[in-house]
Structures are given as structure tokens and as C-alpha cells.
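Q: Take a look at this one; I'll ask things after.
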Amino acid sequence: MAEPGAEREAEDDPGQRSSINRRSFVRGGVVGAGGVLVAGAVAAGLNSRVTDVSGPMEPANQNLAVTAPEPSGEDDSATLAALCVGRRDVHLRSGATYVIAARDAISGTGFRGRIVGNGATLKFAYTGPWSESSSAISGLHDVTLQDLFITAPDANLFSVFRDCTNLRLDHVTVYACSPKLTYALPRDFSAHRIRWISQGDDPPVIDGSLYVPDAGRFSLTDFDYDAGFTGRTGAIVSAIATRTAPGTTVHVANGRAFTADLPGHSADGFIDIEPVGDVPFDNVTVRDIVLYNTSCYLTGARNVTVDNCTFVYTANNSSGRAIPFVVYNNNGSRPPLGALTVRDCRVEWTAGNPADQTIGIMTYQSHPGAVVRFTDNSYHFSPAAGQVAQDLYWVKDGAPAVMSIRGDAILEVGDLAHSQALIRTDSTVRRLMVREMSVSGTFAQKLRAGGDGGGGDGDLVVFESNDFTGATFTGADSVAAGVTLIRRHSADNAGIEY
């Protein structure tokens, strides 16, 4: 993502990228417009349930547990700001709805502790002027929100949370949320047992997306996103233009998105790792998740691992493609990709996948020198008339140094890809190794080595121990003029000898 006003670089059409406008936004300090609601003496109705004696260097409200009064029925911003100070737990009334209508309602109050909802709802309802720095809760450290609902159906905010360090969400349900949920987090974020749901009367803009912090650890576990998505940027977990500090990690595990398979439940990317600058993420792990009608953008990390994930594309796919793995970064300055490993994943394209959602396995672009491994993945096609496929494993410019495909199974592709190659390299992979694959269907070629992305010389191309008995290749493998490959080919069932 570029800075506001800058022209975006041409993306060379990475797998028919979505029409969702993946806008760019400035990350900056919170503007004080609207005023911080300073915690005051809103003591009426506070029920101090635990009181510890304060030490000589501790504020007087240290280690309190307080219960909020019943909601006012209007704007509860001042009441909550007065409660959320110092180190304490704030308990909301069970089942109540608290309205936060102020911008920067809880901002820089020194609050460290928990907001325990007991099933209550925080409704964000700011309607003042919009700006890219507008949020409702900002500048807090070591805060947990637990057991509550969050909604912001028409809030004129860019994000609900901003500039919060070590923010934790536990057992939180989000619905009808127009702004982003988090943005511009300096360090550390975790969400556990978080759900995004639809209640049937959603506003035109539904976002609720999560921002990956610049430093520390991002963790999203035991989650379920089953709402529409029309956010201003195209991913639910976004690291677009993140300026990454050394050692930053991303961990996403044990969840699902869009599995209800409803119209509008689709997104350009479930996760989009596109950092800016020279420093990559240390590790990005995506594990044990089920995704419908969306993709994963995976770049800018020393190690990216996608393990035991399921992708399904149906008639409700409006993401812009039907390609699970996209290696692409639109930033002019981008950190390198060290290694990408995709293993034990399953991808299914149903007969209903729309014709304008192009089918493929991987689009790879502009990350030279990486090591890419696909191991023991399975791909099941149920194509219908009119569906369109690209070359299945497609390397455009900036090829990886090593690409290994081992044990992948491509099932029932039919003649969907009859005019496409199984593997296409527009820039040359230095070492391409394909072993123990099982492939059925009709393809134009097994390998198309072209020069459109820069070409180059390959040190080694190996095809061995593959089962191509169910595959038909209507043309011989091709190598463009100016491209040199050193090729070794053990006799496999394709019957094609180099």
C-alpha cells in the first residue's frame, strides 16, 4: 500500500486481482480533535468490589475491581472514561448496551487492566468528521477486553482501537462494524475466541478487520468470521504497509472464515502480508483453518508456513479470483521473502465458482531468491462450462531460487486447463523440482518456460517419480528463446523425455 496521493505501481494483474479498492492510509498520531475525555470524578454508581491498599508509588485506584453503573440510554463515553484509569478491572452490567459516541473517548488514560463485559455490548456511535486518525479507544497499554459484544453500525471512525500496545481480545463477538477493529498498533496484539457475525441488517460498509502490529507478536486463534465484508482494504488480517521491526511474528490458527457460504461473504484476501521497507517479518504461520471464497497474500517474511488449511470456492465467490496462494507485494520498497512452505492443504473448486473468478493454485511475483515448497497438498476440481483457469503454478517476474513440488495431487481437472500449462515460469526458477505428483486432466503443457518476466537460466529442472497416467498434455514442454535450462528427467509415466 502506497502513501495517500501516491500512484500505485502496476500490479501486472496477479490472478485477476479484486476490484475492491485496497486504499492506502497514513499511519500517524492521533489528532486531538474532539478532545480526550479525561477521567473525572464520575464515582456515582461505582461498586468497588475489591480494594487493595496502594503502595507508596502506586495510584490510589491500583488493583480495584469496579462495576459500571447501568447505561444512561444516551452517551456513556464520560462514564466509561472515568472508570478506565489506572490498573483495575472494569465490569460491565450483564446484557447491557453502553454507547460510546465520542471520538478518542478512552485515550491515554493510563488504564491497564480488563474490561469484562459479562455479555454486555459496546456500541460505538461517533458521527463527527471522519479522518484517517479517528478512533474511539487509543493510546492504551496492556488492556484486555473480555466476554462482550462490539458493534459500530454507522460510526464515522477509521478504527475502533488505535495505537494500543499489547491489546488482547478474548471471547469477543463483533457485528455490524463499519470501521476497522484495530489499526496502527505499535506492538503485540492477540485475539482468542473472537467471532464476527451478521444479524441480517448490516450497514453498507462492513469491516471489523485486524491490523498486524509493527513489532512483537500478532496472534489470532479460535476465530470465526461469518459476516459480509466490504472493508476499505481487502483483507480481514492486514499487514499492508506495515513497517516491520526485527523479530515480529504472525500466528493465525484454528479458525474459519465465510464457511456459511452466503452471498457477500467473500474477501480479496483473508490475510494480506505486504510489509513495506527492508525488514521482513520473522515468521508468519497460518495453520488449521478453513476459508471459503478468499485468498492468502503471503510475502515479506523470513519464513511463511501454511499448514493443514482448507480452501473452498463456490458460487458466492466474489473475491476477484479463485487462487488460494498469492505471492505479491505492491509496495515500492518491500522486504524479501525467505521461504514459503505450503503443506497438507486441500483446495476445492465447486461447479458454481463464477466464470469471472479465475482458477489457479499459485501466482508468484516480484520476490526473487526465495525457497518455495509445496508438499502433499490436494486440489479437487468440479469445473462447469464457462469456468476459466490460468496456468496452475504460475511464476511471473522475480522467480524463486528454488521451487519444489512434492506429493501434490491434482484431481479431476478435466479439460478446464486444456489451454494452460501445469507449471509456467515467465522468469526462470534456478532449481525446479517436481516429484511424486499425481495429476489428472488435460493441459497444454507440463512446463512452459518463458521470458515475459525476465527469463533467465535454470541450473536444474527435475521431474521424477510422478504419476501422470491420468493426465494429457496436448503439447510438448516449451522453452523460450534466450532461456537455458539444465534438465534431468527420470522416466515417469508421462512418457516425455528430455
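Residue numbering restarts at 1 for every chain of the C-alpha cells, chains are lettered A, B, ... in their displayed order, and ligands are numbered from 1 as they appear.
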For stretch 294-298 of chain A, please output as JSON, numbers by chain all residues within 7 Å (counting only C-alpha atoms; exclusion window: fewer than 3 positions along the same chain).
A: {"A": [266, 267, 268, 269, 270, 271, 272, 273, 291, 319, 323, 324, 325, 326, 327, 328]}
Q: Just the number, please: distance in Å from atom CA of A:Ser178 to atom CA of A:Ile206, one decimal.
A: 4.7 Å
Q: List every residue of stretch 392-433 of chain A that DSSP, applied to the backbone, labels as strand (DSSP E or B), and write the result as a PDB file with N, CA and C atoms, in the first residue's frame.
A:
```pdb
ATOM      1  N   TYR A 393       0.459 -23.442 -11.459  1.00  0.00           N
ATOM      2  CA  TYR A 393       1.560 -22.865 -10.680  1.00  0.00           C
ATOM      3  C   TYR A 393       2.242 -21.851 -11.605  1.00  0.00           C
ATOM      4  N   TRP A 394       2.017 -20.573 -11.350  1.00  0.00           N
ATOM      5  CA  TRP A 394       2.461 -19.545 -12.302  1.00  0.00           C
ATOM      6  C   TRP A 394       3.438 -18.602 -11.609  1.00  0.00           C
ATOM      7  N   VAL A 395       4.686 -18.616 -12.095  1.00  0.00           N
ATOM      8  CA  VAL A 395       5.726 -17.704 -11.633  1.00  0.00           C
ATOM      9  C   VAL A 395       5.867 -16.604 -12.678  1.00  0.00           C
ATOM     10  N   VAL A 402      14.544 -21.560  -5.584  1.00  0.00           N
ATOM     11  CA  VAL A 402      14.192 -22.980  -5.545  1.00  0.00           C
ATOM     12  C   VAL A 402      12.688 -23.107  -5.468  1.00  0.00           C
ATOM     13  N   MET A 403      12.123 -23.980  -6.296  1.00  0.00           N
ATOM     14  CA  MET A 403      10.710 -24.314  -6.182  1.00  0.00           C
ATOM     15  C   MET A 403      10.578 -25.824  -6.246  1.00  0.00           C
ATOM     16  N   SER A 404      10.040 -26.375  -5.148  1.00  0.00           N
ATOM     17  CA  SER A 404       9.878 -27.813  -5.039  1.00  0.00           C
ATOM     18  C   SER A 404       8.402 -28.143  -4.886  1.00  0.00           C
ATOM     19  N   ILE A 405       7.895 -29.016  -5.745  1.00  0.00           N
ATOM     20  CA  ILE A 405       6.527 -29.520  -5.653  1.00  0.00           C
ATOM     21  C   ILE A 405       6.639 -31.017  -5.442  1.00  0.00           C
ATOM     22  N   ARG A 406       6.210 -31.489  -4.287  1.00  0.00           N
ATOM     23  CA  ARG A 406       6.404 -32.896  -3.952  1.00  0.00           C
ATOM     24  C   ARG A 406       5.120 -33.461  -3.332  1.00  0.00           C
ATOM     25  N   ALA A 409      -1.390 -33.538  -5.329  1.00  0.00           N
ATOM     26  CA  ALA A 409      -2.312 -34.321  -6.138  1.00  0.00           C
ATOM     27  C   ALA A 409      -3.336 -33.390  -6.767  1.00  0.00           C
ATOM     28  N   ILE A 410      -3.418 -33.414  -8.094  1.00  0.00           N
ATOM     29  CA  ILE A 410      -4.392 -32.604  -8.834  1.00  0.00           C
ATOM     30  C   ILE A 410      -5.430 -33.553  -9.401  1.00  0.00           C
ATOM     31  N   LEU A 411      -6.670 -33.419  -8.940  1.00  0.00           N
ATOM     32  CA  LEU A 411      -7.711 -34.407  -9.192  1.00  0.00           C
ATOM     33  C   LEU A 411      -8.832 -33.827 -10.039  1.00  0.00           C
ATOM     34  N   ALA A 421      -0.694 -24.297 -19.015  1.00  0.00           N
ATOM     35  CA  ALA A 421       0.368 -25.190 -18.563  1.00  0.00           C
ATOM     36  C   ALA A 421       0.133 -25.584 -17.107  1.00  0.00           C
ATOM     37  N   LEU A 422       0.600 -26.756 -16.747  1.00  0.00           N
ATOM     38  CA  LEU A 422       0.594 -27.154 -15.351  1.00  0.00           C
ATOM     39  C   LEU A 422       1.508 -26.212 -14.554  1.00  0.00           C
ATOM     40  N   ILE A 423       2.710 -25.973 -15.062  1.00  0.00           N
ATOM     41  CA  ILE A 423       3.675 -25.072 -14.432  1.00  0.00           C
ATOM     42  C   ILE A 423       4.158 -24.079 -15.487  1.00  0.00           C
ATOM     43  N   ARG A 424       4.106 -22.799 -15.140  1.00  0.00           N
ATOM     44  CA  ARG A 424       4.579 -21.763 -16.058  1.00  0.00           C
ATOM     45  C   ARG A 424       5.573 -20.870 -15.329  1.00  0.00           C
ATOM     46  N   THR A 425       6.695 -20.608 -15.959  1.00  0.00           N
ATOM     47  CA  THR A 425       7.703 -19.711 -15.393  1.00  0.00           C
ATOM     48  C   THR A 425       8.047 -18.641 -16.428  1.00  0.00           C
ATOM     49  N   SER A 427       9.772 -15.929 -15.452  1.00  0.00           N
ATOM     50  CA  SER A 427      11.161 -15.729 -15.053  1.00  0.00           C
ATOM     51  C   SER A 427      11.631 -17.074 -14.519  1.00  0.00           C
ATOM     52  N   ARG A 431      16.275 -23.681  -9.567  1.00  0.00           N
ATOM     53  CA  ARG A 431      16.187 -25.123  -9.360  1.00  0.00           C
ATOM     54  C   ARG A 431      14.706 -25.489  -9.193  1.00  0.00           C
ATOM     55  N   LEU A 432      14.142 -26.148 -10.188  1.00  0.00           N
ATOM     56  CA  LEU A 432      12.743 -26.565 -10.179  1.00  0.00           C
ATOM     57  C   LEU A 432      12.700 -28.081 -10.051  1.00  0.00           C
ATOM     58  N   MET A 433      12.022 -28.559  -8.995  1.00  0.00           N
ATOM     59  CA  MET A 433      11.973 -29.994  -8.734  1.00  0.00           C
ATOM     60  C   MET A 433      10.528 -30.429  -8.525  1.00  0.00           C
TER      61      MET A 433
END
```
Q: Residues near A:Val279, anyone? I mean within 9 Å using only C-alpha atoms, not counting same-chain ones fewer than 3 positions away, as a list of chain:residue names.
A: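 Everything that qualifies: A:Arg243, A:Thr244, A:Ala245, A:Pro246, A:Pro275, A:Val276, A:Asp282, A:Gly300, A:Ala301, A:Arg334, A:Pro335, A:Pro336.
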Q: Can you write just those residues out, all heavy atoms, as a short mmCIF file (atom, residue, chain, number, x, y, z; two decimals), in the first residue's frame?
A:
```
data_model
loop_
_atom_site.label_atom_id
_atom_site.label_comp_id
_atom_site.auth_asym_id
_atom_site.auth_seq_id
_atom_site.Cartn_x
_atom_site.Cartn_y
_atom_site.Cartn_z
N ARG A 243 5.42 -1.34 8.74
CA ARG A 243 6.88 -1.15 8.82
C ARG A 243 7.40 -2.04 9.94
O ARG A 243 7.35 -1.69 11.11
CB ARG A 243 7.23 0.32 9.04
CG ARG A 243 6.92 1.18 7.83
CD ARG A 243 7.55 2.56 7.93
NE ARG A 243 7.31 3.31 6.71
CZ ARG A 243 8.06 3.25 5.62
NH1 ARG A 243 9.12 2.47 5.60
NH2 ARG A 243 7.78 3.97 4.56
N THR A 244 7.90 -3.18 9.55
CA THR A 244 8.13 -4.26 10.49
C THR A 244 9.44 -4.07 11.25
O THR A 244 10.48 -3.77 10.66
CB THR A 244 8.18 -5.59 9.72
OG1 THR A 244 7.08 -5.66 8.82
CG2 THR A 244 8.12 -6.76 10.66
N ALA A 245 9.38 -4.30 12.56
CA ALA A 245 10.58 -4.31 13.39
C ALA A 245 11.16 -5.72 13.40
O ALA A 245 10.45 -6.70 13.19
CB ALA A 245 10.24 -3.88 14.81
N PRO A 246 12.47 -5.85 13.62
CA PRO A 246 13.06 -7.19 13.67
C PRO A 246 12.37 -8.07 14.70
O PRO A 246 12.02 -7.64 15.79
CB PRO A 246 14.52 -6.90 14.07
CG PRO A 246 14.78 -5.50 13.60
CD PRO A 246 13.47 -4.78 13.79
N PRO A 275 4.32 -6.10 3.86
CA PRO A 275 5.02 -5.04 4.59
C PRO A 275 5.81 -4.13 3.66
O PRO A 275 6.08 -4.47 2.51
CB PRO A 275 5.94 -5.81 5.53
CG PRO A 275 6.17 -7.12 4.83
CD PRO A 275 4.89 -7.41 4.10
N VAL A 276 6.20 -2.97 4.20
CA VAL A 276 6.99 -2.01 3.44
C VAL A 276 8.32 -1.81 4.14
O VAL A 276 8.43 -2.00 5.36
CB VAL A 276 6.22 -0.66 3.32
CG1 VAL A 276 6.06 0.01 4.67
CG2 VAL A 276 6.89 0.27 2.31
N ASP A 282 9.59 -12.05 10.94
CA ASP A 282 10.43 -13.20 11.24
C ASP A 282 9.73 -14.49 10.80
O ASP A 282 10.27 -15.25 10.01
CB ASP A 282 10.73 -13.23 12.74
CG ASP A 282 11.90 -14.15 13.06
OD1 ASP A 282 12.70 -14.42 12.15
OD2 ASP A 282 12.02 -14.59 14.22
N GLY A 300 7.11 -11.04 2.32
CA GLY A 300 7.78 -10.20 3.29
C GLY A 300 8.06 -10.83 4.63
O GLY A 300 7.93 -10.18 5.66
N ALA A 301 8.48 -12.11 4.63
CA ALA A 301 8.82 -12.78 5.89
C ALA A 301 10.00 -13.72 5.64
O ALA A 301 10.17 -14.25 4.54
CB ALA A 301 7.64 -13.56 6.44
N ARG A 334 9.99 -3.10 -0.50
CA ARG A 334 9.41 -4.27 0.14
C ARG A 334 10.52 -5.22 0.61
O ARG A 334 11.51 -5.42 -0.08
CB ARG A 334 8.48 -5.01 -0.82
CG ARG A 334 9.05 -5.28 -2.19
CD ARG A 334 8.02 -5.95 -3.08
NE ARG A 334 8.49 -6.08 -4.44
CZ ARG A 334 8.12 -5.26 -5.43
NH1 ARG A 334 7.25 -4.28 -5.19
NH2 ARG A 334 8.59 -5.42 -6.66
N PRO A 335 10.34 -5.81 1.78
CA PRO A 335 11.34 -6.75 2.27
C PRO A 335 11.28 -8.06 1.49
O PRO A 335 10.26 -8.40 0.89
CB PRO A 335 10.95 -6.95 3.73
CG PRO A 335 9.50 -6.61 3.80
CD PRO A 335 9.27 -5.57 2.75
N PRO A 336 12.36 -8.82 1.52
CA PRO A 336 12.39 -10.07 0.76
C PRO A 336 11.55 -11.16 1.43
O PRO A 336 11.23 -11.10 2.61
CB PRO A 336 13.87 -10.43 0.78
CG PRO A 336 14.39 -9.83 2.05
CD PRO A 336 13.62 -8.54 2.22
#
```
Q: Near stretch 77-80 of chain A, within 6 Å and counting only C-alpha atoms, which residues show up once chain neighbours fewer than 2 positions away are dropped, as a JSON list (two decimals) with C-alpha atoms, in the first residue's frame?
A:
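Resulting contents of out-v9.json:
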```json
[["chain", "number", "residue", "atom", "x", "y", "z"],
["A", 75, "ASP", "CA", -23.75, 8.67, 25.52],
["A", 82, "ALA", "CA", -13.73, 7.85, 34.23],
["A", 83, "LEU", "CA", -13.73, 4.16, 35.05],
["A", 100, "ILE", "CA", -19.58, 5.39, 23.10],
["A", 105, "ALA", "CA", -13.43, 8.53, 24.24]]
```
Q: Report, in Å to a single decimal, how far apart atom CA of A:Gln365 and atom CA of A:Asn331 are.
A: 12.5 Å
Q: I need the residue nearest A:Val90 from this list: A:Thr428, A:Thr341, A:Thr230, A:Thr67. Use only C-alpha atoms for the distance.
A: A:Thr67
Q: Tell me, as a list in words, which residues lie within 9 Å of A:Ala384, counting only C-alpha atoms; anything in the same chain fewer than 6 positions away does not count.
A: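 Near neighbours after the sequence-gap exclusion: Thr350, Ala351, Gly352, Asn353, Ala355 and Leu416 of chain A.
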Q: Generate the output file for the selected residues, all heavy atoms, as a PDB file, in the first residue's frame.
A:
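Saved as again13.pdb:
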```pdb
ATOM      1  N   THR A 350     -15.745 -25.675  -6.651  1.00  0.00           N
ATOM      2  CA  THR A 350     -17.025 -26.287  -6.968  1.00  0.00           C
ATOM      3  C   THR A 350     -17.481 -25.853  -8.356  1.00  0.00           C
ATOM      4  O   THR A 350     -16.958 -24.887  -8.942  1.00  0.00           O
ATOM      5  CB  THR A 350     -18.094 -25.887  -5.944  1.00  0.00           C
ATOM      6  OG1 THR A 350     -18.408 -24.499  -6.105  1.00  0.00           O
ATOM      7  CG2 THR A 350     -17.597 -26.131  -4.520  1.00  0.00           C
ATOM      8  N   ALA A 351     -18.493 -26.551  -8.850  1.00  0.00           N
ATOM      9  CA  ALA A 351     -19.014 -26.241 -10.182  1.00  0.00           C
ATOM     10  C   ALA A 351     -19.641 -24.858 -10.242  1.00  0.00           C
ATOM     11  O   ALA A 351     -19.783 -24.282 -11.319  1.00  0.00           O
ATOM     12  CB  ALA A 351     -20.035 -27.299 -10.600  1.00  0.00           C
ATOM     13  N   GLY A 352     -19.992 -24.299  -9.092  1.00  0.00           N
ATOM     14  CA  GLY A 352     -20.642 -22.997  -9.090  1.00  0.00           C
ATOM     15  C   GLY A 352     -19.701 -21.816  -9.104  1.00  0.00           C
ATOM     16  O   GLY A 352     -20.155 -20.670  -9.229  1.00  0.00           O
ATOM     17  N   ASN A 353     -18.394 -22.034  -8.964  1.00  0.00           N
ATOM     18  CA  ASN A 353     -17.464 -20.910  -8.956  1.00  0.00           C
ATOM     19  C   ASN A 353     -17.666 -20.067 -10.220  1.00  0.00           C
ATOM     20  O   ASN A 353     -17.622 -20.586 -11.335  1.00  0.00           O
ATOM     21  CB  ASN A 353     -16.019 -21.411  -8.912  1.00  0.00           C
ATOM     22  CG  ASN A 353     -15.016 -20.274  -8.894  1.00  0.00           C
ATOM     23  OD1 ASN A 353     -14.954 -19.507  -7.936  1.00  0.00           O
ATOM     24  ND2 ASN A 353     -14.234 -20.162  -9.961  1.00  0.00           N
ATOM     25  N   ALA A 355     -17.524 -17.724 -13.539  1.00  0.00           N
ATOM     26  CA  ALA A 355     -16.565 -17.729 -14.641  1.00  0.00           C
ATOM     27  C   ALA A 355     -15.560 -16.591 -14.540  1.00  0.00           C
ATOM     28  O   ALA A 355     -14.434 -16.708 -15.036  1.00  0.00           O
ATOM     29  CB  ALA A 355     -17.310 -17.658 -15.978  1.00  0.00           C
ATOM     30  N   LEU A 416     -10.510 -28.329 -18.059  1.00  0.00           N
ATOM     31  CA  LEU A 416     -10.598 -26.937 -17.640  1.00  0.00           C
ATOM     32  C   LEU A 416      -9.356 -26.156 -18.039  1.00  0.00           C
ATOM     33  O   LEU A 416      -9.431 -25.016 -18.481  1.00  0.00           O
ATOM     34  CB  LEU A 416     -10.794 -26.869 -16.114  1.00  0.00           C
ATOM     35  CG  LEU A 416     -10.735 -25.480 -15.473  1.00  0.00           C
ATOM     36  CD1 LEU A 416     -11.889 -24.621 -15.955  1.00  0.00           C
ATOM     37  CD2 LEU A 416     -10.752 -25.590 -13.951  1.00  0.00           C
TER      38      LEU A 416
END
```
Q: Env of A:Pro203: 10 Å cut, atoms = only C-alpha atoms, seq-sep filter 2 positions within chain, self excluded. Answer as a compact mmCIF listing (two decimals) with C-alpha atoms, in the first residue's frame.
A:
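Output saved as part.txt:
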```txt
# COMPACT_ATOMS: atom_id res chain seq x y z
CA ALA A 152 -20.34 0.15 15.25
CA PRO A 153 -23.00 0.13 12.54
CA ASP A 154 -22.55 3.67 11.26
CA ALA A 176 -22.27 -4.60 12.12
CA CYS A 177 -18.86 -2.96 12.44
CA SER A 178 -18.25 -0.28 9.79
CA GLY A 200 -29.23 -9.52 8.83
CA ASP A 201 -29.47 -5.71 8.88
CA VAL A 205 -19.80 -0.89 4.89
CA ILE A 206 -18.79 -3.92 6.94
CA GLY A 228 -20.19 -9.85 4.91
CA THR A 230 -16.91 -4.59 2.21
```
